[in-house]
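Visitor: File data.txt follows (compact mmCIF, C-alpha atoms):
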```
# COMPACT_ATOMS: atom_id res chain seq x y z
CA MET A 1 20.41 -2.09 -12.12
CA THR A 2 19.72 1.58 -12.93
CA ILE A 3 16.43 2.86 -11.53
CA SER A 4 14.97 6.32 -12.12
CA LYS A 5 13.93 7.89 -8.82
CA LYS A 6 12.09 11.07 -7.92
CA ARG A 7 13.61 13.65 -5.60
CA ASN A 8 11.43 12.72 -2.63
CA SER A 9 11.43 8.97 -3.20
CA VAL A 10 11.57 6.42 -0.41
CA GLU A 11 12.76 2.82 -0.66
CA PHE A 12 12.07 -0.06 1.67
CA GLU A 13 11.80 -3.81 1.88
CA VAL A 14 8.69 -5.44 3.33
CA TYR A 15 8.49 -9.13 4.16
CA GLY A 16 6.41 -11.63 6.08
CA LYS A 17 5.46 -15.26 6.47
CA TYR A 18 2.08 -14.87 4.79
CA ALA A 19 0.21 -12.34 2.64
CA LEU A 20 -3.32 -12.07 1.29
CA PHE A 21 -3.74 -9.49 -1.49
CA SER A 22 -7.21 -9.71 -2.94
CA ASP A 23 -10.03 -7.70 -4.46
CA PRO A 24 -11.88 -6.22 -1.45
CA ILE A 25 -15.18 -6.86 -3.22
CA THR A 26 -14.59 -10.62 -2.82
CA ARG A 27 -13.73 -10.38 0.90
CA VAL A 28 -17.31 -10.35 2.16
CA GLY A 29 -17.11 -13.98 3.20
CA GLY A 30 -16.53 -17.56 2.11
CA GLU A 31 -13.40 -18.62 0.30
CA LYS A 32 -10.63 -16.06 -0.18
CA MET A 33 -7.69 -16.30 -2.55
CA SER A 34 -4.73 -13.95 -2.84
CA TYR A 35 -3.53 -12.35 -6.01
CA GLN A 36 -0.07 -13.57 -7.00
CA ILE A 37 1.41 -10.10 -6.53
CA PRO A 38 0.69 -7.20 -4.15
CA THR A 39 -1.83 -4.58 -5.21
CA TYR A 40 -1.07 -0.87 -5.47
CA GLN A 41 -3.56 -0.14 -2.69
CA ALA A 42 -2.03 -2.72 -0.33
CA LEU A 43 1.46 -1.25 -0.77
CA LYS A 44 0.10 2.26 -0.32
CA GLY A 45 -1.57 1.12 2.91
CA ILE A 46 1.73 -0.33 4.13
CA LEU A 47 3.51 2.95 3.43
CA GLU A 48 0.76 4.91 5.16
CA SER A 49 1.31 2.71 8.22
CA VAL A 50 4.98 3.64 8.07
CA TYR A 51 4.26 7.39 7.84
CA TRP A 52 1.28 9.45 6.71
CA LYS A 53 -0.18 12.90 7.17
CA PRO A 54 -3.27 14.37 5.42
CA THR A 55 -0.95 16.91 3.79
CA ILE A 56 0.58 14.28 1.50
CA ILE A 57 -0.51 11.49 -0.86
CA TRP A 58 1.76 8.48 -1.38
CA TYR A 59 2.28 7.11 -4.90
CA ILE A 60 3.72 3.64 -5.45
CA ASP A 61 6.11 3.68 -8.40
CA LYS A 62 7.51 0.15 -8.47
CA VAL A 63 7.60 -3.10 -6.54
CA ARG A 64 10.19 -5.83 -6.98
CA VAL A 65 9.26 -9.44 -6.17
CA LEU A 66 12.30 -11.04 -4.51
CA ASN A 67 11.02 -14.50 -3.54
CA LYS A 68 9.38 -17.14 -5.69
CA ILE A 69 5.59 -16.79 -5.77
CA ALA A 70 4.16 -19.63 -3.68
CA THR A 71 0.74 -20.23 -2.13
CA GLN A 72 -0.52 -22.08 0.92
CA ALA A 73 -4.13 -22.95 1.77
CA LYS A 74 -5.43 -22.79 5.34
CA GLY A 75 -8.68 -23.85 6.92
CA ILE A 76 -10.20 -20.86 8.72
CA ARG A 77 -13.29 -20.54 10.88
CA PRO A 78 -14.34 -16.90 10.38
CA LEU A 79 -16.61 -15.25 12.94
CA LYS A 80 -20.30 -15.35 12.06
CA MET A 81 -22.11 -12.32 13.40
CA ASN A 82 -25.68 -12.55 14.79
CA SER A 83 -25.84 -16.30 14.42
CA GLY A 84 -26.27 -19.00 17.00
CA LYS A 85 -24.86 -21.64 14.66
CA ASP A 86 -21.30 -22.90 14.76
CA ASN A 87 -18.82 -21.13 12.52
CA GLU A 88 -18.34 -22.82 9.17
CA LEU A 89 -14.96 -23.86 7.84
CA SER A 90 -13.59 -21.75 4.98
CA TYR A 91 -10.38 -22.12 3.03
CA TYR A 92 -8.14 -19.10 2.51
CA THR A 93 -5.27 -19.27 0.03
CA TYR A 94 -2.33 -17.14 1.15
CA LEU A 95 0.98 -16.23 -0.42
CA SER A 96 3.80 -17.68 1.65
CA ASP A 97 7.28 -16.39 2.48
CA VAL A 98 6.90 -13.05 0.69
CA ARG A 99 9.55 -10.38 0.31
CA TYR A 100 9.28 -7.20 -1.75
CA GLN A 101 11.26 -4.05 -2.46
CA VAL A 102 9.12 -0.93 -2.88
CA LEU A 103 9.92 2.41 -4.52
CA ALA A 104 7.47 5.26 -3.88
CA HIS A 105 7.18 9.04 -3.59
CA PHE A 106 4.72 11.56 -2.20
CA GLU A 107 2.97 14.62 -3.55
CA PHE A 108 1.09 17.28 -1.66
CA ASN A 109 -2.69 16.96 -1.47
CA GLU A 110 -3.92 20.00 -3.35
CA ASN A 111 -7.49 19.28 -2.17
CA ARG A 112 -6.55 20.34 1.36
CA PRO A 113 -5.73 24.07 1.06
CA ASN A 114 -6.14 24.50 4.83
CA LEU A 115 -2.94 22.44 5.28
CA GLU A 116 -0.88 24.43 2.80
CA HIS A 117 1.35 25.70 5.62
CA ASP A 118 2.42 22.08 6.28
CA ARG A 119 3.76 21.53 2.73
CA ASN A 120 7.38 21.18 3.75
CA GLU A 121 8.90 18.61 1.42
CA ASN A 122 12.14 18.16 3.37
CA LYS A 123 10.32 17.67 6.66
CA HIS A 124 7.97 14.96 5.40
CA HIS A 125 10.71 13.24 3.39
CA ASN A 126 13.09 13.10 6.33
CA ILE A 127 10.43 11.88 8.77
CA ALA A 128 9.35 9.18 6.30
CA LYS A 129 12.93 7.91 5.91
CA ARG A 130 13.40 7.85 9.67
CA SER A 131 10.10 6.02 10.10
CA ILE A 132 11.27 3.37 7.62
CA ASN A 133 14.50 2.96 9.56
CA LYS A 134 12.44 2.33 12.69
CA GLY A 135 10.17 -0.23 11.01
CA GLY A 136 7.15 2.06 10.71
CA ARG A 137 4.97 4.04 13.06
CA ARG A 138 2.12 1.51 13.15
CA ASP A 139 1.81 -2.24 12.68
CA ILE A 140 2.41 -3.49 9.14
CA PHE A 141 -0.03 -5.91 7.53
CA LEU A 142 0.40 -7.70 4.20
CA GLY A 143 -3.10 -7.36 2.81
CA THR A 144 -5.03 -8.51 5.89
CA ARG A 145 -4.62 -8.17 9.61
CA GLU A 146 -3.63 -11.78 10.23
CA CYS A 147 -0.63 -11.36 7.89
CA GLN A 148 1.98 -9.50 9.92
CA GLY A 149 4.67 -7.73 7.93
CA TYR A 150 8.00 -6.08 8.68
CA VAL A 151 9.70 -3.10 7.05
CA ILE A 152 13.43 -2.41 6.73
CA PRO A 153 15.33 0.17 4.63
CA CYS A 154 16.95 -0.93 1.36
CA GLU A 155 18.15 0.33 -1.99
CA PHE A 156 15.65 -0.60 -4.67
CA GLY A 157 17.18 -3.13 -7.08
CA GLU A 158 19.97 -4.31 -4.77
CA GLY A 159 20.56 -8.01 -4.17
CA GLU A 160 19.35 -11.03 -6.10
CA GLY A 161 15.73 -11.84 -6.83
CA PHE A 162 14.13 -15.07 -8.02
CA TYR A 163 12.71 -13.43 -11.16
CA ASP A 164 15.85 -11.60 -12.29
CA GLY A 165 16.15 -12.17 -16.05
CA TYR A 166 12.86 -14.13 -16.03
CA GLY A 167 11.18 -12.01 -18.68
CA GLU A 168 7.60 -10.80 -18.73
CA LEU A 169 4.69 -12.30 -16.80
CA ALA A 170 1.13 -11.04 -17.26
CA PHE A 171 -1.43 -11.26 -14.45
CA GLY A 172 -4.50 -10.00 -16.27
CA THR A 173 -7.00 -7.53 -14.86
CA MET A 174 -6.38 -6.76 -11.19
CA PHE A 175 -7.68 -4.44 -8.51
CA HIS A 176 -5.49 -1.32 -8.46
CA GLY A 177 -6.92 0.85 -5.68
CA PHE A 178 -9.61 3.22 -4.44
CA ASN A 179 -10.33 6.77 -5.55
CA TYR A 180 -11.01 8.51 -2.25
CA PRO A 181 -12.86 11.87 -2.18
CA ASP A 182 -10.10 13.67 -0.31
CA GLU A 183 -7.58 12.68 -2.99
CA THR A 184 -9.72 13.28 -6.08
CA GLY A 185 -11.74 16.30 -4.94
CA GLU A 186 -14.99 14.54 -5.94
CA ASP A 187 -17.72 13.46 -3.53
CA LYS A 188 -17.67 9.79 -4.45
CA LEU A 189 -15.80 6.59 -3.76
CA GLU A 190 -14.59 4.61 -6.77
CA THR A 191 -12.53 1.48 -7.35
CA ARG A 192 -9.84 1.16 -10.02
CA PHE A 193 -8.60 -1.82 -12.05
CA TRP A 194 -5.66 -2.30 -14.40
CA ASN A 195 -3.85 -4.94 -16.45
CA ALA A 196 -0.83 -5.94 -14.38
CA LYS A 197 2.42 -7.35 -15.70
CA MET A 198 5.85 -8.04 -14.27
CA ASN A 199 9.15 -7.76 -16.13
CA ASP A 200 12.21 -9.45 -14.59
CA GLY A 201 10.52 -9.34 -11.20
CA ILE A 202 9.64 -5.63 -11.32
CA ILE A 203 6.11 -4.25 -11.59
CA ASP A 204 5.81 -0.65 -12.82
CA PHE A 205 2.54 0.70 -11.51
CA ILE A 206 0.50 3.16 -13.53
CA THR A 207 -0.77 6.18 -11.60
CA PRO A 208 -4.40 6.34 -10.40
CA PRO A 209 -5.43 8.86 -13.13
CA GLU A 210 -4.03 6.49 -15.76
CA CYS A 211 -6.44 3.69 -14.76
CA SER A 212 -9.13 3.53 -17.45
CA MET A 213 -11.21 0.86 -15.67
CA VAL A 214 -13.03 2.71 -12.88
CA LYS A 215 -16.22 1.65 -11.10
CA PHE A 216 -18.44 3.93 -9.02
CA ILE A 217 -19.26 2.55 -5.55
CA HIS A 218 -21.24 5.24 -3.71
CA GLU A 219 -21.43 8.92 -2.84
CA GLN A 220 -19.02 9.93 -0.08
CA LYS A 221 -17.74 13.14 1.45
CA ALA A 222 -14.07 13.72 2.20
CA LYS A 223 -13.08 13.70 5.86
CA GLU A 224 -12.13 17.12 7.11
CA PHE A 225 -8.88 17.60 9.00
CA ILE A 226 -8.88 20.73 11.16
CA GLU A 227 -5.63 21.52 12.90
CA ASN A 228 -5.82 21.38 16.71
CA GLU A 229 -9.28 19.76 16.52
CA ASN A 230 -8.79 16.34 14.88
CA PHE A 231 -5.30 16.89 13.46
CA THR A 232 -2.18 18.22 15.16
CA VAL A 233 1.37 18.87 14.04
CA THR A 234 3.05 17.11 16.95
CA GLU A 235 6.21 18.24 18.69
CA CYS A 236 7.90 15.10 17.34
CA ASP A 237 7.17 16.24 13.77
CA LEU A 238 8.44 19.73 14.45
CA GLU A 239 11.63 18.48 16.05
CA GLU A 240 12.36 16.04 13.24
CA GLY A 241 11.59 18.61 10.56
CA GLU A 242 13.75 21.28 12.12
CA SER A 243 16.70 19.02 12.88
CA GLU A 244 17.50 18.31 9.25
```
Kindly return the structure encoded in the file as structure tokens.
Guide:
Amino acid sequence: MTISKKRNSVEFEVYGKYALFSDPITRVGGEKMSYQIPTYQALKGILESVYWKPTIIWYIDKVRVLNKIATQAKGIRPLKMNSGKDNELSYYTYLSDVRYQVLAHFEFNENRPNLEHDRNENKHHNIAKRSINKGGRRDIFLGTRECQGYVIPCEFGEGEGFYDGYGELAFGTMFHGFNYPDETGEDKLETRFWNAKMNDGIIDFITPPECSMVKFIHEQKAKEFIENENFTVTECDLEEGESE
């Protein structure tokens, strides 16, 4: 399988016993049901748990579904805040026994000119690859916190997948991700949607600017990162960047 990759691409496999990828708008309460495939935003969140700095923005290029898509329903008693009544039983529908290969790359965040001195492509690329080898810097979750995930390095496209040679599958309109102010340069939070499809087990994501279905949520200011106040280039970063 020949896959086109960018110069600063990273590849990894993420797997877990359960996953719950859903539209965050429907997560307020009650019944919850996972999409059949991971969302762009969920995979971006996984990669940001592996390695992230405000200097860079991760872009998910492709995801490959290795295992057969299967679901499992569970009875859950979610916490009810400010209520003296017993918690009610809700049913959540999870994906079970999930395994994905992810191909992604990063670009520098041009909306943070104060971090221009940290735009060292080799440093961030090498640290990201090392972080993948170590399973990530923070805990990995597959959509929601109760779905623990695990990350290991891989070569995208290697090995056999259930949907190899399966053809095209369409999943209709799905949640794609959020437009955050610090990434767009605009003082507003928006949500994106797209028409997802999978071909032979591989989903080619469109980029955030290519999403034509965008919904405004509310006004929001970008968080400021000021070096040595709420953001620091740690000694670990310096050592890893200089050692390559």
Visitor: Report as an mmCIF file with C-alpha atoms, in the frame of the given file all protein, DNA and RNA residues lying within 9 Å of region 86-95 of chain A, evaluated on all atoms listed in the file, omitting residues in the same chain fewer than 4 positions from it.
Guide:
```
data_model
loop_
_atom_site.group_PDB
_atom_site.id
_atom_site.type_symbol
_atom_site.label_atom_id
_atom_site.label_comp_id
_atom_site.auth_asym_id
_atom_site.auth_seq_id
_atom_site.Cartn_x
_atom_site.Cartn_y
_atom_site.Cartn_z
ATOM 1 C CA LYS A 17 5.460 -15.260 6.470
ATOM 2 C CA TYR A 18 2.080 -14.870 4.790
ATOM 3 C CA ALA A 19 0.210 -12.340 2.640
ATOM 4 C CA LEU A 20 -3.320 -12.070 1.290
ATOM 5 C CA PHE A 21 -3.740 -9.490 -1.490
ATOM 6 C CA GLY A 29 -17.110 -13.980 3.200
ATOM 7 C CA GLY A 30 -16.530 -17.560 2.110
ATOM 8 C CA GLU A 31 -13.400 -18.620 0.300
ATOM 9 C CA LYS A 32 -10.630 -16.060 -0.180
ATOM 10 C CA MET A 33 -7.690 -16.300 -2.550
ATOM 11 C CA SER A 34 -4.730 -13.950 -2.840
ATOM 12 C CA TYR A 35 -3.530 -12.350 -6.010
ATOM 13 C CA GLN A 36 -0.070 -13.570 -7.000
ATOM 14 C CA ILE A 37 1.410 -10.100 -6.530
ATOM 15 C CA ILE A 69 5.590 -16.790 -5.770
ATOM 16 C CA ALA A 70 4.160 -19.630 -3.680
ATOM 17 C CA THR A 71 0.740 -20.230 -2.130
ATOM 18 C CA GLN A 72 -0.520 -22.080 0.920
ATOM 19 C CA ALA A 73 -4.130 -22.950 1.770
ATOM 20 C CA LYS A 74 -5.430 -22.790 5.340
ATOM 21 C CA GLY A 75 -8.680 -23.850 6.920
ATOM 22 C CA ILE A 76 -10.200 -20.860 8.720
ATOM 23 C CA ARG A 77 -13.290 -20.540 10.880
ATOM 24 C CA PRO A 78 -14.340 -16.900 10.380
ATOM 25 C CA LEU A 79 -16.610 -15.250 12.940
ATOM 26 C CA LYS A 80 -20.300 -15.350 12.060
#
```
Visitor: Any idea what the distance is between CA of Tyr166 (chain A) and CA of Lys197 (chain A)?
Guide: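 Here the two named atoms are 12.5 Å from each other.
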Visitor: Check the smallest atom-to-atom distance from each of A:Trp194, A:Phe108, A:Phe178, A:Phe12 to Thr55 (chain A) using all atoms listed in the file, then report the winner.
Guide: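 Under the stated criterion, the closest residue is A:Phe108.
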Visitor: From the set A:Arg192, A:Arg112, A:Lys68, A:His125, which residue has the shortest atom-to-atom contact distance to Val98 (chain A), counting all atoms listed in the file?
Guide: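 Once distances to Val98 (chain A) are computed over all atoms listed in the file, the minimum belongs to A:Lys68.
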Visitor: Could you work out how far CA of Lys6 (chain A) lies from CA of Phe225 (chain A), giving the answer in Å with one decimal?
Guide: 27.7 Å
Visitor: If I take CA of Thr184 (chain A) and CA of Asn111 (chain A), how far is one from the other in Å, to one decimal?
Guide: 7.5 Å
Visitor: Identify, on the basis of all atoms listed in the file, every residue whose closest approach to Tyr180 (chain A) does not exceed 12 Å; exclude the query and any residue fewer than 4 positions from it along the same chain; express the result as an MDAnalysis selection string.
Guide: chainID A and resid 41 57 109 111 184:192 208 216:223
Visitor: Let me have the centre and edge lengths in Å, one decimal, of the box along x, y and z around every listed atom of region 104-108 of chain A with 4 Å of margin on each side, as lines of an AutoDock Vina configuration file.
Guide:
```
center_x = 4.3
center_y = 11.3
center_z = -2.8
size_x = 14.4
size_y = 20.0
size_z = 10.2
```
Visitor: Identify which of the residues A:Glu183, A:Asn67, A:His176, A:Ile140 lies closest to Lys215 (chain A), counting all atoms listed in the file when measuring atom-to-atom distances.
Guide: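 Among the listed residues, A:His176 lies closest to Lys215 (chain A).
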Visitor: Take the point (8.3, 5.0, 0.1) in the file's coordinates, draw a sphere of radius 12 Å around it, and report as JSON, numbers by chain every protein, DNA or RNA residue with an atom inside or on it, counting all atoms listed in the file.
Guide: {"A": [5, 6, 7, 8, 9, 10, 11, 12, 13, 14, 43, 44, 45, 46, 47, 48, 49, 50, 51, 52, 57, 58, 59, 60, 61, 62, 63, 101, 102, 103, 104, 105, 106, 107, 124, 125, 126, 127, 128, 129, 130, 131, 132, 133, 136, 151, 152, 153, 154, 155, 156]}
Visitor: Let me make sure I understand: among A:Ile56, A:Cys211, A:Ala196, A:Ile203, which one has the smallest atom-to-atom distance to Asp118 (chain A) if we use all atoms listed in the file?
Guide: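 Of A:Ile56, A:Cys211, A:Ala196, A:Ile203, the one nearest Asp118 (chain A), counting all atoms listed in the file, is A:Ile56.
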Visitor: Looking at all atoms listed in the file, which of A:Pro54, A:Pro38, A:Gly167, A:Pro24 is the one that sits closest to Arg119 (chain A)?
Guide: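 Closest candidate: A:Pro54.
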Visitor: Check the smallest atom-to-atom distance from each of A:Thr39, A:Ser22, A:Thr2, A:Ser96 to Gln148 (chain A) using only C-alpha atoms, then report the winner.
Guide: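 Checking each candidate against Gln148 (chain A), we get A:Ser96 as the closest.
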